[in-house]
file work39.cif (mmCIF, C-alpha atoms)
data_coords
#
loop_
_atom_site.label_atom_id
_atom_site.label_comp_id
_atom_site.auth_asym_id
_atom_site.auth_seq_id
_atom_site.Cartn_x
_atom_site.Cartn_y
_atom_site.Cartn_z
CA GLY S 266 -1.50 -5.50 2.64
CA GLU S 267 -3.26 -4.90 -0.70
CA PHE S 268 -4.56 -8.48 -0.84
CA ALA S 269 -7.68 -7.76 -2.90
CA GLU S 270 -5.73 -6.33 -5.84
CA ALA S 271 -3.12 -9.10 -5.67
CA TYR S 272 -5.92 -11.68 -5.67
CA LYS S 273 -7.48 -10.23 -8.83
CA ILE S 274 -4.14 -10.29 -10.64
CA ALA S 275 -3.26 -13.83 -9.54
CA LYS S 276 -6.69 -15.20 -10.46
CA HIS S 277 -6.52 -13.51 -13.87
CA LEU S 278 -3.11 -15.01 -14.64
CA GLN S 279 -4.32 -18.43 -13.57
CA LEU S 280 -6.82 -18.46 -16.45
CA PHE S 281 -3.98 -18.72 -18.95
CA LEU S 282 -2.17 -21.65 -17.36
CA PRO S 283 -2.36 -25.37 -18.28
CA ASP S 284 -4.61 -28.14 -17.05
CA PRO S 285 -3.79 -28.75 -13.36
CA THR S 286 -4.05 -32.53 -13.82
CA LYS S 287 -1.00 -32.53 -16.09
CA PRO S 288 2.66 -31.76 -15.38
CA ALA S 289 3.07 -28.01 -15.30
CA PRO S 290 5.87 -25.49 -15.58
CA TYR S 291 7.34 -24.41 -12.27
CA ASP S 292 5.75 -20.97 -12.64
CA ARG S 293 2.25 -22.47 -12.61
CA MET S 294 3.07 -24.42 -9.49
CA ILE S 295 4.29 -21.26 -7.76
CA LEU S 296 1.26 -19.28 -8.96
CA VAL S 297 -1.33 -21.62 -7.48
CA ILE S 298 0.57 -21.51 -4.19
CA THR S 299 0.57 -17.70 -4.45
CA VAL S 300 -3.17 -17.61 -5.08
CA SER S 301 -3.78 -19.73 -1.98
CA THR S 302 -1.52 -17.41 0.05
CA VAL S 303 -3.36 -14.30 -1.10
CA THR S 304 -6.73 -15.97 -0.50
CA ILE S 305 -5.71 -16.64 3.11
CA GLY S 306 -4.81 -12.94 3.43
CA LEU S 307 -8.30 -12.03 2.22
CA GLY S 308 -9.87 -14.23 4.88
CA LYS S 309 -11.60 -16.41 2.28
CA TYR S 310 -10.96 -19.57 4.26
CA ASP S 311 -13.55 -21.72 2.46
CA GLU S 312 -12.12 -20.80 -0.92
CA VAL S 313 -8.60 -21.43 0.39
CA GLU S 314 -9.46 -25.12 0.77
CA LYS S 315 -10.16 -25.30 -2.96
CA GLN S 316 -6.98 -23.38 -3.80
CA VAL S 317 -4.88 -25.58 -1.52
CA ALA S 318 -6.36 -28.69 -3.11
CA LEU S 319 -5.55 -27.31 -6.57
CA ALA S 320 -2.01 -26.49 -5.46
CA GLY S 321 -1.57 -30.03 -4.18
CA GLN S 322 -2.85 -31.45 -7.46
CA VAL S 323 -0.46 -29.31 -9.50
CA ILE S 324 2.49 -30.17 -7.25
CA ARG S 325 1.78 -33.92 -7.44
CA SER S 326 1.30 -33.89 -11.22
CA THR S 327 4.53 -31.94 -11.67
CA LEU S 328 6.83 -33.48 -9.04
CA GLY S 329 5.24 -36.80 -8.20
CA ASP S 330 6.57 -37.99 -4.85
CA LYS S 331 9.69 -35.86 -5.07
CA GLU S 332 10.25 -33.62 -2.07
CA SER S 333 11.00 -29.96 -2.74
CA PRO S 334 10.52 -26.48 -1.25
CA ALA S 335 7.24 -26.28 -3.19
CA VAL S 336 5.96 -29.30 -1.27
CA GLY S 337 7.01 -27.62 1.96
CA HIS S 338 5.19 -24.45 0.93
CA HIS S 339 2.08 -26.51 0.28
CA TYR S 340 2.09 -28.06 3.75
CA PHE S 341 2.78 -24.60 5.21
CA ARG S 342 -0.33 -23.13 3.55
CA ILE S 343 -2.43 -26.03 4.82
CA GLY S 344 -1.02 -25.56 8.31
CA ARG S 345 -1.66 -21.84 8.30
CA LEU S 346 -5.22 -22.35 7.11
CA PHE S 347 -5.92 -24.80 9.92
CA ARG S 348 -4.27 -22.44 12.43
CA LEU S 349 -6.46 -19.54 11.38
CA ARG S 350 -9.54 -21.75 11.59
CA GLY S 351 -8.60 -22.91 15.09
CA GLU S 352 -7.94 -26.54 14.15
CA PHE S 353 -4.94 -27.09 16.39
CA GLU S 354 -3.91 -30.70 15.73
CA LYS S 355 -4.21 -30.43 11.94
CA ALA S 356 -2.32 -27.14 11.95
CA LYS S 357 0.48 -28.54 14.11
CA LYS S 358 0.85 -31.68 11.97
CA ASN S 359 1.12 -29.81 8.67
CA LEU S 360 3.39 -27.03 9.98
CA GLU S 361 5.77 -29.59 11.47
CA ILE S 362 5.93 -31.45 8.14
CA SER S 363 6.65 -28.17 6.38
CA LEU S 364 9.34 -27.27 8.92
CA ASP S 365 11.01 -30.65 8.50
CA ILE S 366 11.18 -30.14 4.72
CA ALA S 367 12.44 -26.57 5.09
CA ARG S 368 15.24 -27.68 7.42
CA ARG S 369 16.43 -30.33 4.99
CA PHE S 370 16.95 -28.12 1.95
CA PRO S 371 17.54 -25.64 3.74
CA TYR S 372 16.15 -22.20 2.94
CA PHE S 373 16.19 -19.94 5.97
CA PRO S 374 13.05 -17.85 5.20
CA ASP S 375 10.96 -21.04 4.97
CA VAL S 376 12.38 -22.26 8.28
CA CYS S 377 11.60 -18.92 9.91
CA HIS S 378 8.08 -18.72 8.48
CA ASN S 379 7.34 -22.11 10.01
CA TYR S 380 8.87 -21.07 13.32
CA ASN S 381 6.65 -17.99 13.43
CA ASP S 382 3.45 -19.84 12.56
CA LEU S 383 4.19 -22.59 15.06
CA ALA S 384 4.91 -19.96 17.70
CA LEU S 385 1.51 -18.34 17.08
CA LEU S 386 -0.16 -21.75 17.18
CA LEU S 387 1.48 -22.84 20.45
CA LYS S 388 1.54 -19.56 22.41
CA ASP S 389 -1.77 -20.13 24.22
CA GLN S 390 -1.17 -23.81 24.93
CA PRO S 391 -0.06 -25.39 28.24
CA LYS S 392 3.37 -24.67 29.71
CA GLU S 393 5.62 -26.99 27.68
CA MET S 394 4.14 -25.96 24.34
CA ALA S 395 4.16 -22.30 25.36
CA ALA S 396 7.87 -22.57 26.10
CA GLN S 397 8.40 -24.07 22.64
CA ALA S 398 6.43 -21.16 21.14
CA LEU S 399 8.86 -18.71 22.73
CA ALA S 400 11.86 -20.66 21.44
CA TYR S 401 10.45 -20.76 17.91
CA ALA S 402 9.73 -17.01 17.91
CA GLU S 403 13.15 -16.12 19.29
CA ASP S 404 14.90 -18.37 16.75
CA ALA S 405 12.99 -16.86 13.83
CA LEU S 406 13.94 -13.32 14.84
CA ARG S 407 17.57 -14.30 15.47
CA ILE S 408 17.95 -16.02 12.10
CA PHE S 409 16.37 -13.19 10.13
CA LYS S 410 18.60 -10.65 11.86
CA GLU S 411 21.70 -12.76 11.18
CA LYS S 412 20.89 -13.39 7.52
CA MET S 413 19.45 -10.08 6.37
CA ASP S 414 21.41 -6.93 5.69
CA ASP S 415 18.31 -4.74 6.07
CA LYS S 416 17.66 -4.81 9.82
CA ASP S 417 14.31 -3.13 9.22
CA HIS S 418 13.14 -5.70 6.69
CA PRO S 419 9.40 -6.56 6.85
CA GLU S 420 10.29 -10.17 7.74
CA ILE S 421 12.11 -8.87 10.81
CA ALA S 422 9.06 -6.78 11.65
CA GLN S 423 6.87 -9.89 11.40
CA SER S 424 9.22 -11.78 13.71
CA HIS S 425 9.12 -8.94 16.26
CA GLN S 426 5.32 -9.03 15.95
CA THR S 427 5.19 -12.78 16.53
CA LEU S 428 7.59 -12.64 19.46
CA GLY S 429 5.59 -9.77 20.95
CA GLU S 430 2.38 -11.79 20.72
CA VAL S 431 4.03 -14.79 22.39
CA LEU S 432 5.44 -12.64 25.19
CA LEU S 433 2.06 -10.96 25.70
CA ALA S 434 0.39 -14.37 26.00
CA GLN S 435 2.99 -15.33 28.62
CA GLY S 436 2.52 -12.12 30.60
CA ASP S 437 5.90 -10.53 29.91
CA LEU S 438 4.44 -7.11 29.14
CA VAL S 439 7.72 -5.16 29.12
CA ALA S 440 9.43 -7.39 26.54
CA ALA S 441 6.17 -7.66 24.59
CA ARG S 442 5.94 -3.87 24.27
CA GLU S 443 9.55 -3.62 23.12
CA ASN S 444 8.95 -6.10 20.29
CA LEU S 445 5.51 -4.89 19.27
CA THR S 446 6.67 -1.27 19.17
CA LYS S 447 9.62 -2.28 16.98
CA ALA S 448 7.27 -4.14 14.62
CA LEU S 449 4.95 -1.13 14.39
CA THR S 450 7.84 1.28 13.75
CA ILE S 451 9.21 -0.82 10.89
CA ARG S 452 5.80 -1.38 9.35
CA GLN S 453 4.86 2.28 9.46
CA ALA S 454 8.17 3.16 7.78
CA LYS S 455 7.89 0.44 5.13
CA PHE S 456 4.15 0.34 4.46
CA GLY S 457 2.67 3.55 5.86
CA ASP S 458 0.09 4.24 8.53
CA ALA S 459 -2.88 2.77 6.67
CA ASN S 460 -1.65 -0.72 5.87
CA SER S 461 -3.13 -4.01 7.10
CA PHE S 462 0.21 -5.08 8.60
CA THR S 463 0.35 -1.80 10.51
CA ALA S 464 -3.19 -2.54 11.71
CA GLU S 465 -2.03 -5.92 13.02
CA SER S 466 0.58 -4.23 15.19
CA LEU S 467 -1.91 -1.61 16.41
CA HIS S 468 -4.42 -4.33 17.29
CA THR S 469 -1.91 -6.25 19.40
CA LEU S 470 -0.56 -3.09 21.02
CA ALA S 471 -4.13 -2.25 22.02
CA LEU S 472 -4.43 -5.62 23.78
CA LEU S 473 -1.08 -5.06 25.47
CA THR S 474 -2.05 -1.55 26.57
CA ALA S 475 -5.28 -2.90 28.05
CA ALA S 476 -3.29 -5.55 29.94
CA GLU S 477 -1.13 -2.73 31.32
CA GLY S 478 -4.29 -1.09 32.68
CA ASN S 479 -4.66 1.84 30.28
CA SER S 480 -8.14 1.24 28.88
CA GLN S 481 -8.55 4.64 27.22
CA GLU S 482 -5.37 4.36 25.17
CA ALA S 483 -6.22 0.76 24.34
CA VAL S 484 -9.57 1.88 22.90
CA GLU S 485 -7.89 4.52 20.75
CA LEU S 486 -5.36 2.03 19.37
CA MET S 487 -8.05 -0.53 18.61
CA ARG S 488 -10.14 2.12 16.84
CA GLN S 489 -7.17 2.84 14.60
CA ALA S 490 -6.67 -0.85 13.88
CA LEU S 491 -10.36 -1.34 13.09
CA ALA S 492 -10.52 1.67 10.77
CA ILE S 493 -7.56 0.41 8.75
CA ARG S 494 -8.86 -3.14 8.56
CA GLU S 495 -12.32 -2.00 7.47
CA ALA S 496 -10.77 0.11 4.71
CA LYS S 497 -8.16 -2.41 3.54
CA LEU S 498 -9.72 -5.79 4.25
CA GLY S 499 -13.43 -5.03 4.31
CA PRO S 500 -16.00 -5.23 7.11
CA ALA S 501 -16.55 -8.99 6.78
CA HIS S 502 -12.89 -10.08 6.99
CA PRO S 503 -12.18 -12.26 10.06
CA LEU S 504 -9.44 -9.87 11.22
CA THR S 505 -11.77 -6.89 10.91
CA GLN S 506 -14.39 -8.75 12.90
CA ALA S 507 -11.79 -9.57 15.55
CA SER S 508 -10.84 -5.89 15.94
CA ARG S 509 -14.51 -4.88 16.05
CA GLN S 510 -15.24 -7.39 18.81
CA GLN S 511 -12.16 -6.42 20.80
CA LEU S 512 -13.09 -2.74 20.49
CA ALA S 513 -16.58 -3.46 21.81
CA ASP S 514 -15.09 -5.36 24.76
CA LEU S 515 -12.61 -2.58 25.52
CA GLU S 516 -15.27 0.14 25.30
CA GLN S 517 -17.53 -1.83 27.65
CA LYS S 518 -14.68 -2.24 30.13
CA LEU S 519 -13.89 1.48 29.91
CA SER S 520 -17.54 2.44 30.52
CA GLN S 521 -17.59 0.31 33.65
CA ALA S 522 -14.39 1.77 35.07
#
call {"tool": "encode", "arguments": {"input": "work39.cif", "output": "structure tokens"}}
result
Amino acid sequence: GEFAEAYKIAKHLQLFLPDPTKPAPYDRMILVITVSTVTIGLGKYDEVEKQVALAGQVIRSTLGDKESPAVGHHYFRIGRLFRLRGEFEKAKKNLEISLDIARRFPYFPDVCHNYNDLALLLKDQPKEMAAQALAYAEDALRIFKEKMDDKDHPEIAQSHQTLGEVLLAQGDLVAARENLTKALTIRQAKFGDANSFTAESLHTLALLTAAEGNSQEAVELMRQALAIREAKLGPAHPLTQASRQQLADLEQKLSQA
């Protein structure tokens, strides 16, 4: 969750790497992908476009038309960026390309990351796509649990989080709470109470609690999420703004009760 510090380090290292128009060592290729990932975490979506373009340039100059996990990672970052910006068709196209590459190599974390992002993209869509979202989220969680010895690994927490969000969108509040609570428990144990991933779980649990009809508890959870996001991500981050708006909506609903 410490994206700002990671961004400073990654950007500093990038200064010492070769011309992106020429073939580069594998570590440069991975670094530019890392910078784009961290930039997404910071909510700098306009800058991400530049970083993604740079990553694509480095990948093409290094690999040409050769397909590789790095190419899949590139399409994944593009897909995630479009998803976060609400550009559904572009997000779906790029995530499906990334998933196809990940399945062919295969490397199970890449497959699962694509499943989770596609699940989040499709969860609010019409019935057929929503059903696919649930299948993607369930498959990601199943695969991570099968492949990982640490059953409280952060990747498993993220998959519980994603599945919980999908179930909440579909109105299965009982199963949603089970998964979101598991995600929060793992994240608090791994990252602490004041981490941005913990805030994500608190934010979604607040929405779930409101859907269950407990507005007061929902407000308290959203206040916690907002406080963490303001401290860790800054007041202008899109996720912070989302928690602030949701808190205002919940407080208004509570005042009218």
call {"tool": "residues_around", "arguments": {"input": "work39.cif", "residues": "region 442-447 of chain S", "least_positions_apart": "6", "cutoff": "6 Å", "atoms": "all atoms listed in the file", "output": "PDB file with C-alpha atoms, in the frame of the given file"}}
result
ATOM      1  CA  HIS S 425       9.120  -8.940  16.260  1.00  0.00           C
ATOM      2  CA  GLN S 426       5.320  -9.030  15.950  1.00  0.00           C
ATOM      3  CA  GLY S 429       5.590  -9.770  20.950  1.00  0.00           C
TER       4      GLY S 429
END
call {"tool": "residues_near_point", "arguments": {"input": "work39.cif", "point": "(-5.6, 1.9, 15.1)", "cutoff": "10 Å", "atoms": "all atoms listed in the file", "output": "JSON, numbers by chain"}}
result
{"S": [458, 459, 463, 464, 465, 466, 467, 468, 469, 470, 471, 483, 484, 485, 486, 487, 488, 489, 490, 491, 492, 493, 494, 508]}
call {"tool": "residues_around", "arguments": {"input": "work39.cif", "residues": "Asp375 (chain S)", "least_positions_apart": "3", "cutoff": "8 Å", "atoms": "only C-alpha atoms", "output": "number ranges by chain"}}
result
S: 338, 364, 367, 372, 378-379
call {"tool": "atom_distance", "arguments": {"input": "work39.cif", "atom1": "CA of His502 (chain S)", "atom2": "CA of Ala405 (chain S)"}}
result
27.6 Å
call {"tool": "closest_residue", "arguments": {"input": "work39.cif", "among": "S:Ala440, S:Leu473, S:Leu449, S:Leu519", "to": "Ala422 (chain S)", "atoms": "all atoms listed in the file"}}
result
S:Leu449
call {"tool": "closest_residue", "arguments": {"input": "work39.cif", "among": "S:Ala402, S:Met413, S:His418, S:Ile451", "to": "Leu432 (chain S)", "atoms": "all atoms listed in the file"}}
result
S:Ala402
call {"tool": "atom_distance", "arguments": {"input": "work39.cif", "atom1": "CA of Asn359 (chain S)", "atom2": "CA of Leu383 (chain S)"}}
result
10.1 Å
call {"tool": "atom_distance", "arguments": {"input": "work39.cif", "atom1": "CA of Ala522 (chain S)", "atom2": "CA of Pro500 (chain S)"}}
result
28.9 Å
call {"tool": "residues_near_point", "arguments": {"input": "work39.cif", "point": "(-2.0, -27.1, 4.5)", "cutoff": "9 Å", "atoms": "only C-alpha atoms", "output": "VMD selection string"}}
result
chain S and resid 314 317 to 318 338 to 347 355 to 356 359 to 360 363
call {"tool": "closest_residue", "arguments": {"input": "work39.cif", "among": "S:Val431, S:Ala454, S:Ala501, S:Val439", "to": "Asp389 (chain S)", "atoms": "only C-alpha atoms"}}
result
S:Val431
call {"tool": "closest_residue", "arguments": {"input": "work39.cif", "among": "S:Leu504, S:Glu495, S:Phe409, S:Ala441", "to": "Thr474 (chain S)", "atoms": "only C-alpha atoms"}}
result
S:Ala441
call {"tool": "resolve_selection", "arguments": {"input": "work39.cif", "expression": "the PyMOL selection byres ((chain S and resi 385) around 8)", "output": "list in words"}}
result
Asn381, Asp382, Leu383, Ala384, Leu386, Leu387, Lys388, Ala398, Thr427, Glu430 and Val431 of chain S
call {"tool": "closest_residue", "arguments": {"input": "work39.cif", "among": "S:Ile362, S:Ala396, S:Arg368, S:Lys416", "to": "Ala434 (chain S)", "atoms": "all atoms listed in the file"}}
result
S:Ala396
call {"tool": "decode", "arguments": {"input": "work39.cif", "residues": "region 348-369 of chain S", "atoms": "C-alpha atoms", "output": "PDB file, in the first residue's frame"}}
result
ATOM      1  CA  ARG S 348     -11.260  -0.557 -16.226  1.00  0.00           C
ATOM      2  CA  LEU S 349     -10.426   2.046 -13.604  1.00  0.00           C
ATOM      3  CA  ARG S 350     -11.343   4.822 -16.025  1.00  0.00           C
ATOM      4  CA  GLY S 351     -14.684   3.180 -16.805  1.00  0.00           C
ATOM      5  CA  GLU S 352     -13.895   2.366 -20.446  1.00  0.00           C
ATOM      6  CA  PHE S 353     -15.581  -1.016 -20.561  1.00  0.00           C
ATOM      7  CA  GLU S 354     -14.997  -2.247 -24.121  1.00  0.00           C
ATOM      8  CA  LYS S 355     -11.318  -1.270 -24.194  1.00  0.00           C
ATOM      9  CA  ALA S 356     -10.758  -2.825 -20.777  1.00  0.00           C
ATOM     10  CA  LYS S 357     -12.469  -6.070 -21.767  1.00  0.00           C
ATOM     11  CA  LYS S 358     -10.519  -6.350 -25.031  1.00  0.00           C
ATOM     12  CA  ASN S 359      -7.102  -5.874 -23.430  1.00  0.00           C
ATOM     13  CA  LEU S 360      -7.783  -8.061 -20.386  1.00  0.00           C
ATOM     14  CA  GLU S 361      -8.998 -10.896 -22.612  1.00  0.00           C
ATOM     15  CA  ILE S 362      -5.827 -10.644 -24.729  1.00  0.00           C
ATOM     16  CA  SER S 363      -3.746 -10.736 -21.553  1.00  0.00           C
ATOM     17  CA  LEU S 364      -5.684 -13.732 -20.234  1.00  0.00           C
ATOM     18  CA  ASP S 365      -5.202 -15.612 -23.497  1.00  0.00           C
ATOM     19  CA  ILE S 366      -1.430 -15.077 -23.290  1.00  0.00           C
ATOM     20  CA  ALA S 367      -1.321 -16.038 -19.616  1.00  0.00           C
ATOM     21  CA  ARG S 368      -3.176 -19.291 -20.301  1.00  0.00           C
ATOM     22  CA  ARG S 369      -0.764 -20.289 -23.049  1.00  0.00           C
TER      23      ARG S 369
END
